[in-house]
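Report on the structure given below.
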Amino acid sequence: MKKKILIANRGEIALRIIRAVQELGHIAVAIYETPDKDALHIRTADEAIWIGDGPRCDYLNIDKVIGVAKKVGVDAIHPGYGFLAENPDFAKACESNGIIFIGPPSEVIQALGDKVTARRIMMEAGIPMVPGTDNLSAGDHGLREAIDFADKYGYPVMLKATAGGGGRGIRRVENEKQLRAELPMARAEAKSAFNNDAVFLEKAVINPKHVEVQIIADKDGNTVHLGSRDCSIQRRNQKLVEIAPSLIQDKALVDLICATAVTAAKASHYVNAGTVEFLVDRDWKFYFMEINTRVQVEHTVTEMVTGIDIVRTQIKVALGKKLSFCQEDVHIRGFAVEMRINAEDPQNNFMPEGGKTVSVYRSPGGYGVRLDGFVYQGFTIPKVYDSLLVKMTVFGFSWNETVDRLLRCLNNFVITGPKTTIPYYVNLVQDPDFKKGDFDTSFIETHSHLINYDDQVSEGNKLAHLIAEIHYKGENPYAV
Amino acid sequence: MERIVQGMGITEVLKIMRKADGYYITNTARDMSQSDYKNRILEITGGASVHVDILRKQVDPFLKLELLREKMPKTMFQTLCRGINLFGYRPYPQNVIRFVVKEFAKYVDVWRVFDFMNHVPNMQAVFEEVQAAGKILEPCICFSTGPEHTNEFYVKKVQAILDVTGEEIVLCIKNHGGLGSPKRIGELVDAILQKYPEMVIHYHGHNTDGNDIGRIVSAAMSGAKIVDASDHAFTGYYGPPPILSVIHTLKEYGREAVGINEAAIMETSEVLQPERKYYEYFESQIKGFDPTVQIHKLPGGAMGSSLEQAAKGGFLDKMPEILHKELPKVQIELGNYWSVTPGSQILWTTAVSNVQGGERYGNCSGDLQNLLLGKYGPFPFYQPPDWIYEKAFGPDWKKVLEEQGGMEAIEDIDLEKERKALADKLGYKPTEQQLVTYLQHPNDAVNFFRFEEKFGKVYVLPPSILFRRGGFKLGETIAYKDHTGKEHIVEMGPMQENEDGSETNVYLNIDHHQRHFVFENAVAQAGEAKAAKLSKKEIEDLAKAGDVRAPFTANICEISVQEGQEVKAGEKLVVLEVARLSPRWVMPCSQGMS
């Protein structure tokens with residue numbers, strides 16, 4: 001039966017979800033704030049409803065979103081990632097208003113979103129954990145606990161906001177003096193950012209690999225993993241490049257990590273799609289980090305190597321269907337890499353280029369390339385949202401083939417108007433360490449030379465530039 | 001009769017020429033380009049061309065030689081070198097001269113070398129390097145007219161040259177102004193050959209007065225073995241006369257040009273004729289020949305640029321006074337030396353300044369002062385009168401002349417230091433050739449190398465594009481091959497201003513893909529109603545003056561200071577907000593707020 005599904009998001013993920021909804025024969029309802037009035041998700045959805053002037057407040061306004069959903073009579077809401085995706089209150093509001101939330105139950109989001117609770121669940125399930133504290137007590141008492149912990153396990157330690165996530169609310173502490181200074185600041189920041197001043201401490205794992213496992217579970221508890229991803233290439237805890245599967249050679253280790261992810265999901269009574277994140281240290285020990293209770297930006301790489309449409313599966317599971325495949329049906333084939341093409345100027349500290357108009361947009365094609373974007377030629381990038389323009393996901397049968405294809409596709413990608421991360425990635429995919437698959441979370445920091453690139457302009461375009469100038473000036477200013 | 005082809009050495013060339021019945025022709029398109037088209041047409045090298053190549057033609061002077069050599073494997077290439085002034089306008093240090101000549105000698109077979117004071121020591125370093133490289137050395141005696149310019153004087157000059165070079169040279173009579181009658185030139189050639197019967201003489205002239213064929217005929221009949229002429233398609237002003245006219249005339253006198261194919265000459269001009277229109281803009285402001293050159297003596301190579309200067313400066317109407325009255329007077333006053341680069345520029349600017357400035361010699365240029373001090377070499381005949389020295393240096397001029405007069409050795413420069421300086425400017429290691437170009441014209445060379453990085457190798461574009469005036473038509477398509485041979489096609493799209501009129505977008509379809517280029521519009525004049533947006537350069541200038549600007553587009557969420565408040569370096573001024581970041585903008589140095 002036709003269902004009406006509201007997408008409580010914007011940008012590329014809104015389009016991604018709309019596609020899945022429409023493929024299933026359901027009705028896609030988009031919402032938007034004023035700065036998104038020219039956005040493509042509005043045109044592509046079957047219905048689109050303006051929810052306010054924003055920015056970034058109406059997309060986050062639970063009452064408004066639920067109100068609109070009820071008004072147009074939606075059956076389900078897909079929250080995408082970011083905004084309300086991991087807000088347990090939103091899931092709860094859906095549940096209490098008789099709307100299906102396409103994601104885990106609110107209690108699961110609640111439990112896993114609280115890092116200390118999550119740690120306790122995982123500890124009980126026997127999942128390997130980085131040594132850490134419970135929520136620190138208030139005031140001097142908490143500081144004492146922190147110092148004792150650090151003395152026992154040694155510096156550096158990571159000071160984390162309990163309610164943080166996605167790389168935010170984390171700081172690395174090198175010594176006791178710094179710990180004394182940072183703790184009150186971390187609390188204040190957590191309070192303002194997440195409305196929760198709880199913080200805790202973990203031993204720092206130095207330059208680990210970031211390996212995560214895609215899981216999906218139906219309401220009957222059938223829980224399947226879709227293999228691993230490596231998301232070590234990060235800048236200030238924000239992922240830039242994601243790979244499926246992990247390039248760790250030891251297959252048994254990767255299998256163990258995946259199996260552990262399923263155990264973790266089951267221990268938390270997980271339903272729908274999620275990601276179990278691990279750190280893998282230099283001695284090939286792995287530690288549970290967190291479970292992200294949403295569809296992730298980088299889900300595309302997993303789709304490419306498994307052939308399973310994760311968003312479609314999410315919707316079906318949420319609507320009460322059983323998983324149509326079991327663990328044995330999941331086969332990993334080849335390699336996929338996703339590069340986040342952002343409107344940022346890598347040479348100006350990755351400063352966002354919002355406000356600029358995309359004057360030329362020419363995307364690569366051919367075998368093994370997938371694009372999840374939302375911009376078009378003539379589109380002005382709103383200043384008020386994130387800078388992701390398009391995710392370029394490239395598939396290849398072998399790692400080498402994938403890397404070769406990445407370079408080709410980047411070279412075929414032309415976006416003018418805003419500066420983008422494309423030229424930076426062109427350098428990155430030619431880096432010997434990247435080509436060898438040898439990287440951890442320190443990669444961007446230790447490969448700072450990748451920032452050195454000249455704008456690649458073809459000879460034909462250079463000459464045309466002079467023709468344009470002759471045209472503009474009415475004479476060749478370099479000849480007269 | 002034997003042709004002279006690339007690869008022959010001086011001994012062989014001299015032997016062939018001495019026994020030849022006929023005469024040889026040099027195609028001096030170089031002189032035509034400089035005299036009649038402000039160096040914009042294709043020329044091999046030498047004279048102002050090295051500078052104009054990088055300044056106005058955007059082609060690497062060495063790459064050009066390589067490409068021409070590919071197309072003309074048998075033809076000898078000739079350069080014109082200004083001795084100590086190389087291809088520029090000022091004396092260079094000895095080590096620079098030797099380095100530059102060595103690099104160019106890899107491509108250039110014949111070296112025509114002159115000094116505007118006919119001061120042989122000024123040419124010596126070039127002579128030595130050319131001979132060391134095994135190339136053909138052709139020292140010049142610059143020619144002019146007047147009571148001092150006797151055969152005796154010039155024959156002595158020839159001896160002074162031979163004393164330095166030895167006998168294995170071609171001698172050039174350099175008549176850059178096209179001065180004197182045919183009879184006068186014939187007598188000079190004859191006088192030199194009487195003294196040095198084995199000498200191979202090259203008569204180089206200009207057709208400024210329309211009578212160079214007469215002089216060429218006279219020179220050839222008197223025994224000159226090489227004469228200069230050019231393809232007729234581009235002739236008509238101050239450059240060389242047409243080749244065909246020369247050979248037809250001399251044929252009547254029983255002299256044959258060696259190795260000349262008349263059909264090929266005709267065909268060449270047939271190809272060139274339709275191209276001439278693209279160069280019209282660079283032609284002289286005054287059309288036709290100028291027989292008054294016998295009075296003002298400006299060299300062909302300086303005519304076009306002088307007239308252009310007069311047109312741009314709005315004193316074209318004063319030209320009769322400058323050319324026919326003041327310039328001849330200045331010539332005599334300043335010693336009747338040879339009006340050729342850089343000496344011709346000194347004569348010209350002095351004459352212009354004398355007429356325009358109100359007071360004669362009231363504002364002596366630095367170059368004139370250097371000339372008076374003998375920095376370019378001794379005056380050949382007599383020194384200018386005392387009153388000019390007094391005008392130039394004040395009442396104590398004698399003391400100045402005593403203390404500063406005479407030529408001084410220019411100290412060698414540290415080539416490694418220059419190499420490093422260039423590398424720093426370019427951001428990569430320069431080639432030897434790039435260094436050579438840089439040493440001669442430092443700023444223009446760097447600008448050119450940067451230009452090439454930005455616009456590519458633009459010499460592939462035909463003159464119909466490069467010299468296009470008035471822009472292109474909407475929808476016009478332009479096809480060209482880049483330097484690698486790859487075909488491109490550009491379709492002209494619309495040109496539109498942005499909303500506030502600060503920028504113009506030019507839309508092109510390049511190889512069937514749309515692209516646009518943004519140009520900042522010129523800032524509106526002061527007093528105009530519309531306040532124009534600052535250009536990037538203005539912003540940079542303001543920044544140098546203490547202006548503080550945000551490095552990116554952002555929203556201001558806090559202003560932490562008041563107008564007029566004194567602030568210290570490092571103090572917070574404003575808080576800007578962009579997605580995910582809230583950097584503070586701090587004062588880079590202490591100053592008052594406005």
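Labeling convention for the structure tokens: chains A, B, ... as they appear, residues from 1 per chain, ligands from 1 in order of appearance.
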Subject >> At most 8 Å to chain B: residues in chain A, only C-alpha atoms, as JSON, numbers by chain >> reply: {"A": [351, 352, 353, 359, 360, 383, 384, 385, 386, 459, 460, 461, 462, 463, 464, 465, 466, 467, 468, 469, 470, 471, 472, 473, 474, 475, 476, 478, 479, 480]}
Would you please give, as a short mmCIF file (atom, residue, chain, number, x, y, z; two decimals) with C-alpha atoms, in the first residue's frame, all residues of region 165-393 of chain A that DSSP assigns to alpha helix (DSSP H) based on the backbone?
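Everything below was put into states.cif:
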data_model
loop_
_atom_site.label_atom_id
_atom_site.label_comp_id
_atom_site.auth_asym_id
_atom_site.auth_seq_id
_atom_site.Cartn_x
_atom_site.Cartn_y
_atom_site.Cartn_z
CA GLU A 176 47.49 17.07 34.59
CA LYS A 177 47.87 20.82 34.24
CA GLN A 178 45.94 20.76 31.02
CA LEU A 179 43.35 18.43 32.52
CA ARG A 180 42.71 20.90 35.36
CA ALA A 181 42.32 23.71 32.83
CA GLU A 182 40.24 21.87 30.26
CA LEU A 183 37.72 20.10 32.45
CA PRO A 184 35.60 23.16 33.38
CA MET A 185 35.79 24.40 29.77
CA ALA A 186 34.69 21.03 28.44
CA ARG A 187 31.74 21.04 30.80
CA ALA A 188 30.68 24.55 29.80
CA GLU A 189 31.01 23.71 26.13
CA ALA A 190 29.05 20.47 26.49
CA LYS A 191 26.34 22.35 28.33
CA SER A 192 25.96 24.92 25.56
CA ALA A 193 26.35 22.50 22.66
CA PHE A 194 24.36 19.50 23.88
CA LYS A 251 40.71 -11.14 7.39
CA ALA A 252 40.08 -12.98 10.63
CA LEU A 253 40.46 -9.72 12.53
CA VAL A 254 37.98 -7.93 10.28
CA ASP A 255 35.53 -10.83 10.65
CA LEU A 256 35.93 -10.65 14.42
CA ILE A 257 35.26 -6.90 14.40
CA CYS A 258 32.11 -7.44 12.30
CA ALA A 259 30.88 -10.25 14.54
CA THR A 260 31.53 -8.05 17.57
CA ALA A 261 29.45 -5.31 15.97
CA VAL A 262 26.51 -7.70 15.65
CA THR A 263 26.93 -8.70 19.32
CA ALA A 264 26.95 -5.01 20.28
CA ALA A 265 23.82 -4.33 18.23
CA LYS A 266 22.01 -7.26 19.77
CA ALA A 267 23.10 -6.25 23.28
CA HIS A 299 26.59 4.35 3.70
CA THR A 300 27.07 4.51 -0.08
CA VAL A 301 30.39 2.63 -0.01
CA THR A 302 28.75 -0.28 1.75
CA GLU A 303 25.92 -0.30 -0.78
CA MET A 304 28.47 -0.43 -3.59
CA VAL A 305 30.36 -3.46 -2.26
CA THR A 306 27.34 -5.40 -0.99
CA ILE A 310 20.48 0.40 2.88
CA VAL A 311 17.90 3.20 2.82
CA ARG A 312 15.37 0.99 1.05
CA THR A 313 16.00 -1.68 3.66
CA GLN A 314 15.59 0.90 6.45
CA ILE A 315 12.17 1.89 5.16
CA LYS A 316 11.02 -1.70 4.71
CA VAL A 317 12.18 -2.71 8.19
CA ALA A 318 10.54 0.36 9.72
#
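Nearest to Gly362 (chain B) of all the residues B:His248, B:Lys391, B:Arg3, B:Arg255 is B:Lys391, based on only C-alpha atoms.
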**OP:** For Gln327 (chain A), work out the shell of residues within 9 Å, counting only C-alpha atoms and skipping chain neighbours fewer than 6 positions away, then give it as a ChimeraX atom specification.
**Re:** /A:223-226
Original post:
In Å, with one decimal, what is the gap from CA of Val340 (chain B) to CA of Leu298 (chain B)?
Top reply: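 CA of Leu298 (chain B) lies at a distance of 7.5 Å from CA of Val340 (chain B).
Computed from the coordinates, the CA of Ser222 (chain B) to CA of Thr145 (chain B) distance equals 19.0 Å.
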**OP:** Determine which residues of region 108-216 of chain B DSSP labels as strand (DSSP E) from the backbone of this structure, then write them out as an MDAnalysis selection string.
**Re:** chainID B and resid 110:113 136:142 170:175 200:205
**OP:** Skip region 321-327 of chain B itself and residues of its chain fewer than 4 positions away, then list as a PyMOL selection string all residues within 10 Å of it, counting only C-alpha atoms.
**Re:** chain B and resi 292-298+315-317+331-333+347-356+360
**OP:** Name all residues at most 12 Å from Gln110 (chain A) (count only C-alpha atoms; drop same-chain ones fewer than 6 positions away) and give them as JSON, numbers by chain.
**Re:** {"A": [85, 86, 87, 88, 89, 90, 91, 92, 104, 116, 117, 118, 162, 163, 268, 270, 291, 292, 293]}
Would you mind exporting C-alpha atoms of the selected residues as a compact mmCIF listing (two decimals), in the first residue's frame?
# COMPACT_ATOMS: atom_id res chain seq x y z
CA ALA A 85 18.31 12.00 13.42
CA GLU A 86 19.77 11.01 16.77
CA ASN A 87 17.48 13.00 19.00
CA PRO A 88 15.56 10.48 21.15
CA ASP A 89 12.89 13.10 21.87
CA PHE A 90 12.09 13.28 18.19
CA ALA A 91 11.82 9.51 17.84
CA LYS A 92 9.64 9.52 20.91
CA PRO A 104 15.80 2.58 16.09
CA VAL A 116 28.33 6.23 29.60
CA THR A 117 25.21 4.12 29.34
CA ALA A 118 26.44 2.77 26.02
CA THR A 162 28.71 12.29 27.20
CA ALA A 163 26.08 13.64 24.83
CA SER A 268 21.47 -2.87 22.74
CA TYR A 270 19.09 -2.53 18.01
CA ILE A 291 27.07 3.17 17.86
CA ASN A 292 25.66 5.77 15.51
CA THR A 293 21.94 5.31 15.40
**OP:** Name all residues at most 6 Å from region 170-177 of chain B (count only C-alpha atoms; drop same-chain ones fewer than 4 positions away) and give them as number ranges by chain.
**Re:** B: 138-143, 200-206, 297-300
File of the preceding selection, C-alpha atoms, as a PDB file, in the first residue's frame:
ATOM      1  CA  GLU B 138      79.666  40.426 -38.173  1.00  0.00           C
ATOM      2  CA  PRO B 139      80.852  43.626 -36.481  1.00  0.00           C
ATOM      3  CA  CYS B 140      79.155  46.814 -37.641  1.00  0.00           C
ATOM      4  CA  ILE B 141      80.318  50.269 -38.358  1.00  0.00           C
ATOM      5  CA  CYS B 142      77.301  52.466 -37.764  1.00  0.00           C
ATOM      6  CA  PHE B 143      76.926  54.952 -40.580  1.00  0.00           C
ATOM      7  CA  VAL B 200      83.230  40.584 -47.240  1.00  0.00           C
ATOM      8  CA  ILE B 201      80.969  43.590 -46.793  1.00  0.00           C
ATOM      9  CA  HIS B 202      77.322  43.446 -45.799  1.00  0.00           C
ATOM     10  CA  TYR B 203      75.355  46.584 -46.574  1.00  0.00           C
ATOM     11  CA  HIS B 204      72.432  46.942 -44.168  1.00  0.00           C
ATOM     12  CA  GLY B 205      70.048  49.770 -44.861  1.00  0.00           C
ATOM     13  CA  HIS B 206      66.529  51.014 -44.288  1.00  0.00           C
ATOM     14  CA  LYS B 297      68.258  60.890 -39.009  1.00  0.00           C
ATOM     15  CA  LEU B 298      65.983  58.810 -36.778  1.00  0.00           C
ATOM     16  CA  PRO B 299      66.701  55.126 -37.403  1.00  0.00           C
ATOM     17  CA  GLY B 300      63.955  53.063 -39.016  1.00  0.00           C
TER      18      GLY B 300
END
Original post:
Looking at A:Asp58, A:Glu12, A:Asp140, A:Glu242, which one is nearest to Ile31 (chain A), with distances taken over only C-alpha atoms?
Top reply: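 Closest to Ile31 (chain A) of all the choices is A:Asp58.
For region 384-386 of chain B, the list of residues within 9 Å, based on only C-alpha atoms and with local chain neighbours fewer than 6 positions off taken out, reads Ile332, Glu333, Leu334, Gly335, Leu372, Trp397 and Lys398 of chain B.
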**OP:** Using only C-alpha atoms, find the one residue out of A:Thr133, A:Phe439, A:Val358, A:Gly98 that sits nearest to Ile243 (chain A).
**Re:** A:Phe439
